[in-house]
Each structure stands twice: as C-alpha cells, then as structure tokens.
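What follows is a short report on a single structure.
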Amino acid sequence: MLRLPQRDLRCYECALRLSCCVNAGDNAIALIGFMGAGKSAVGRELSRRTGWPRYDTDEMIREQFGISIPDIFARHGELAFRDAETTLLKTLQRGLGGIVVTGGGIVLREENVRLLRRMGRIIWLDADEEILWQRASRHSTRPLLQTPDPRARFAELLRERVPLYQTATDYRINTSSSSIAEVTDEIIALL
Ligand code: S3P
C-alpha cells in the first residue's frame, strides 16, 4: 500500500532547482509510456486528486536548462538530455514520495528503470498506435519527430520501445478510449 506523502516539504539537499525529491521504497508512482500516452495530463489529474506532489521530468529538465526540450536537443544534443534525465532520477530518489511523470524515452536506459523501480510502482500508459500518433502529432514540439517522415519515425520508435515498457512496468493501462479522469480512477484503484 502506498503511503500518502507530506505535501510541500522540500529537500534542501537537492542539486537541482525545483527538486523536492521522491523517496525510495513504495512512496511513488511513476508514469511511463510513449509520446501521446497522456502521462502529463494524467499526472496532473492524479496529483490534483491525491494531493501528492508531481515531478514531471520534462518540465524539470526544461527548467534546469532554461530552454525548451527541442532547443536542448538542438543545442546540447540528445545525450545531454538523456544524462539530465538520469541525474534527475537520482536526485528524486532522496525525497519524500509522489508522482513521477517521465518522458517517453526514460526506459532507454536500464539504469533509469532501476531508479524508478526503487522509488515505487511503475505504471505504463499505453494506447493504440494511431491514437498515440493523433495525440502526439497535435503539437510539433517533439524533437525526435523533426524528420522528413515523422509518421514512419514514430512507428519505428514505438516498435523499439514497446518491449522496454513491457519489461519495466508493473501495470499497463490502455488509454485509447478512456478519459483522463477514467485513467486516473484506474490508477487510484491500485493504490
Ligand atoms: C521523448 C519524449 C518527450 C521528451 C523528449 C524525448 C522520447 O516526452 O522527453 O522529447 O524520447 O520519446 P513525451 O513522452 O512527454 O512526449
């Protein structure tokens, strides 16, 4: 059973701005999944409903660099972004619990999955490929889709990553025909 973490407590050890941390153990829920799965929206709703703090790795990395994610990729390269993800997860280990919303590529490093697992339960938000694409292509801000054929790239990345999500997750939720509120209900029922 997950314990309700205290709100608004801050970890002053954090190297990163904004980083009130997530505790190791069973205090956290991590949302993983491909672009368009609804991780950010569900994370916000879950935080609103439970009162748990929310740590969105993309938001925190954007804040840390002071520029957008496409600009991080363009100016510093994907490796710098991936390193920032791992560093952030290590920092979040030392805190108090909450909801960790991750970017779609967090599962690319086994180390990240180990770090998430130590924090608590990992939930994979999934959906049918066409639905993921419709949602993800509404905003043209995803750096990995800035290619001549973004649809083909999307399919290729999804194919590569599905086995990684499968291996990482404790629980899979298909969000294809569910509202944000319904997905949140399903997660809350697990707590
Ligand atoms: C990425 C997904 C993005 C963001 C970055 C890389 C990926 O997050 O972390 O652009 O590798 O799939 P979302 O999953 O929220 O789109």
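As shown in the structure tokens, the chain order sets the letters A, B, ...; within each chain, residues go from 1, and ligands are also counted from 1 in the order they appear.
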Selection near A:Glu130, 10 Å with only C-alpha atoms, sequence-local residues under 6 positions removed, as a list of chain:residue names: A:Ala136, A:Arg151, A:Ala155, A:Ser176
Ligand 1 neighbours within 10 Å using only C-alpha atoms and all ligand atoms, as a ChimeraX atom specification: /A:32-41,56-59,61-62,68-70,72-73,78,81-82,85,101-108,135-137,139,141-145,154,157-158,161
Residue contacts of A:Val183 (9 Å, only C-alpha atoms) excluding same-chain residues fewer than 3 positions away, as an MDAnalysis selection string: chainID A and resid 42 125 173:175 178:180 186:188
Chain A: residues DSSP assigns to strand (DSSP E or B), reported as a list of chain:residue names: A:Asn23, A:Ala28, A:Ile29, A:Ala30, A:Leu31, A:Ile32, A:Arg54, A:Tyr55, A:Asp56, A:Arg94, A:Gly98, A:Ile99, A:Val100, A:Val101, A:Gly120, A:Arg121, A:Ile122, A:Ile123, A:Trp124, A:Leu125, A:Asp126, A:Tyr171, A:Arg172, A:Ile173, A:Asn174
Based on the selection just made, write N, CA and C atoms of those residues as a CSV table (one decimal), in the first residue's frame.
```csv
chain,number,residue,atom,x,y,z
A,23,ASN,N,10.9,9.6,-2.6
A,23,ASN,CA,11.6,8.7,-1.8
A,23,ASN,C,11.8,7.3,-2.4
A,28,ALA,N,6.2,6.1,-4.3
A,28,ALA,CA,6.0,6.9,-5.5
A,28,ALA,C,5.3,6.0,-6.6
A,29,ILE,N,4.7,6.8,-7.5
A,29,ILE,CA,4.1,6.1,-8.7
A,29,ILE,C,4.8,6.8,-9.9
A,30,ALA,N,5.4,6.0,-10.7
A,30,ALA,CA,6.0,6.5,-11.9
A,30,ALA,C,5.1,6.2,-13.1
A,31,LEU,N,4.9,7.2,-14.0
A,31,LEU,CA,4.1,7.0,-15.2
A,31,LEU,C,5.1,7.0,-16.3
A,32,ILE,N,5.1,5.9,-17.1
A,32,ILE,CA,5.9,5.7,-18.3
A,32,ILE,C,5.0,5.5,-19.5
A,54,ARG,N,3.9,16.3,-7.7
A,54,ARG,CA,4.1,15.8,-9.1
A,54,ARG,C,5.5,16.2,-9.5
A,55,TYR,N,6.2,15.3,-10.1
A,55,TYR,CA,7.5,15.6,-10.6
A,55,TYR,C,7.6,15.2,-12.1
A,56,ASP,N,7.5,16.2,-13.0
A,56,ASP,CA,7.4,15.9,-14.4
A,56,ASP,C,8.9,16.1,-14.9
A,94,ARG,N,16.0,10.8,-3.4
A,94,ARG,CA,16.3,11.1,-2.0
A,94,ARG,C,15.2,11.8,-1.3
A,98,GLY,N,5.7,10.7,-4.2
A,98,GLY,CA,4.8,11.5,-5.1
A,98,GLY,C,4.7,10.8,-6.5
A,99,ILE,N,4.3,11.6,-7.5
A,99,ILE,CA,4.0,11.1,-8.8
A,99,ILE,C,5.1,11.5,-9.7
A,100,VAL,N,5.8,10.6,-10.3
A,100,VAL,CA,6.9,10.9,-11.3
A,100,VAL,C,6.4,10.7,-12.7
A,101,VAL,N,6.3,11.8,-13.4
A,101,VAL,CA,5.9,11.8,-14.8
A,101,VAL,C,7.1,11.8,-15.7
A,120,GLY,N,9.2,3.2,-6.4
A,120,GLY,CA,7.8,2.7,-6.2
A,120,GLY,C,7.3,1.9,-7.4
A,121,ARG,N,6.0,2.1,-7.6
A,121,ARG,CA,5.4,1.3,-8.7
A,121,ARG,C,5.4,2.0,-10.1
A,122,ILE,N,5.6,1.2,-11.1
A,122,ILE,CA,5.7,1.8,-12.4
A,122,ILE,C,4.5,1.5,-13.2
A,123,ILE,N,3.8,2.5,-13.7
A,123,ILE,CA,2.6,2.3,-14.5
A,123,ILE,C,2.8,2.8,-15.9
A,124,TRP,N,2.5,1.9,-16.9
A,124,TRP,CA,2.7,2.1,-18.3
A,124,TRP,C,1.3,2.6,-18.9
A,125,LEU,N,1.3,3.8,-19.3
A,125,LEU,CA,0.1,4.3,-20.1
A,125,LEU,C,0.4,4.0,-21.5
A,126,ASP,N,-0.5,3.2,-22.1
A,126,ASP,CA,-0.4,2.8,-23.5
A,126,ASP,C,-1.6,3.2,-24.3
A,171,TYR,N,2.3,-2.4,-14.2
A,171,TYR,CA,0.9,-2.4,-14.5
A,171,TYR,C,0.7,-1.6,-15.8
A,172,ARG,N,-0.1,-2.1,-16.8
A,172,ARG,CA,-0.3,-1.4,-18.0
A,172,ARG,C,-1.8,-1.0,-18.2
A,173,ILE,N,-1.9,0.3,-18.6
A,173,ILE,CA,-3.3,0.8,-18.8
A,173,ILE,C,-3.4,1.2,-20.2
A,174,ASN,N,-4.4,0.7,-20.9
A,174,ASN,CA,-4.7,1.2,-22.3
A,174,ASN,C,-5.6,2.4,-22.2
```
Expected answer as an NGL selection string: alpha helix (DSSP H) residues in chain A: :A and (39-50 or 57-65 or 69-76 or 78-92 or 110-119 or 129-136 or 150-168 or 180-190)
d(atom CA of A:Arg49, atom CA of A:Asp185) in Å: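 So the answer is 9.3 Å.
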Nearest residue to A:Phe65 from the set A:Ala84, A:Gly51, A:Arg44, A:Arg159 (distances using only C-alpha atoms): A:Ala84
Interatomic distance (Å, one decimal) between atom CA of A:Met119 and atom CA of A:Leu164: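 Going from atom CA of A:Met119 over to atom CA of A:Leu164 covers 18.2 Å.
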Point-to-point distance in Å for atom CA of A:Asn27 and atom CA of A:Thr169: 16.2 Å
Residue nearest A:Leu46 among A:Ala168, A:Ala181, A:Ala80, A:Leu190 (counting only C-alpha atoms):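 Closest candidate: A:Ala181.
Each of A:Glu182, A:Asp170, A:Glu156, A:Glu45 was compared to A:Leu116 using only C-alpha atoms, and A:Asp170 turns out to be the nearest.
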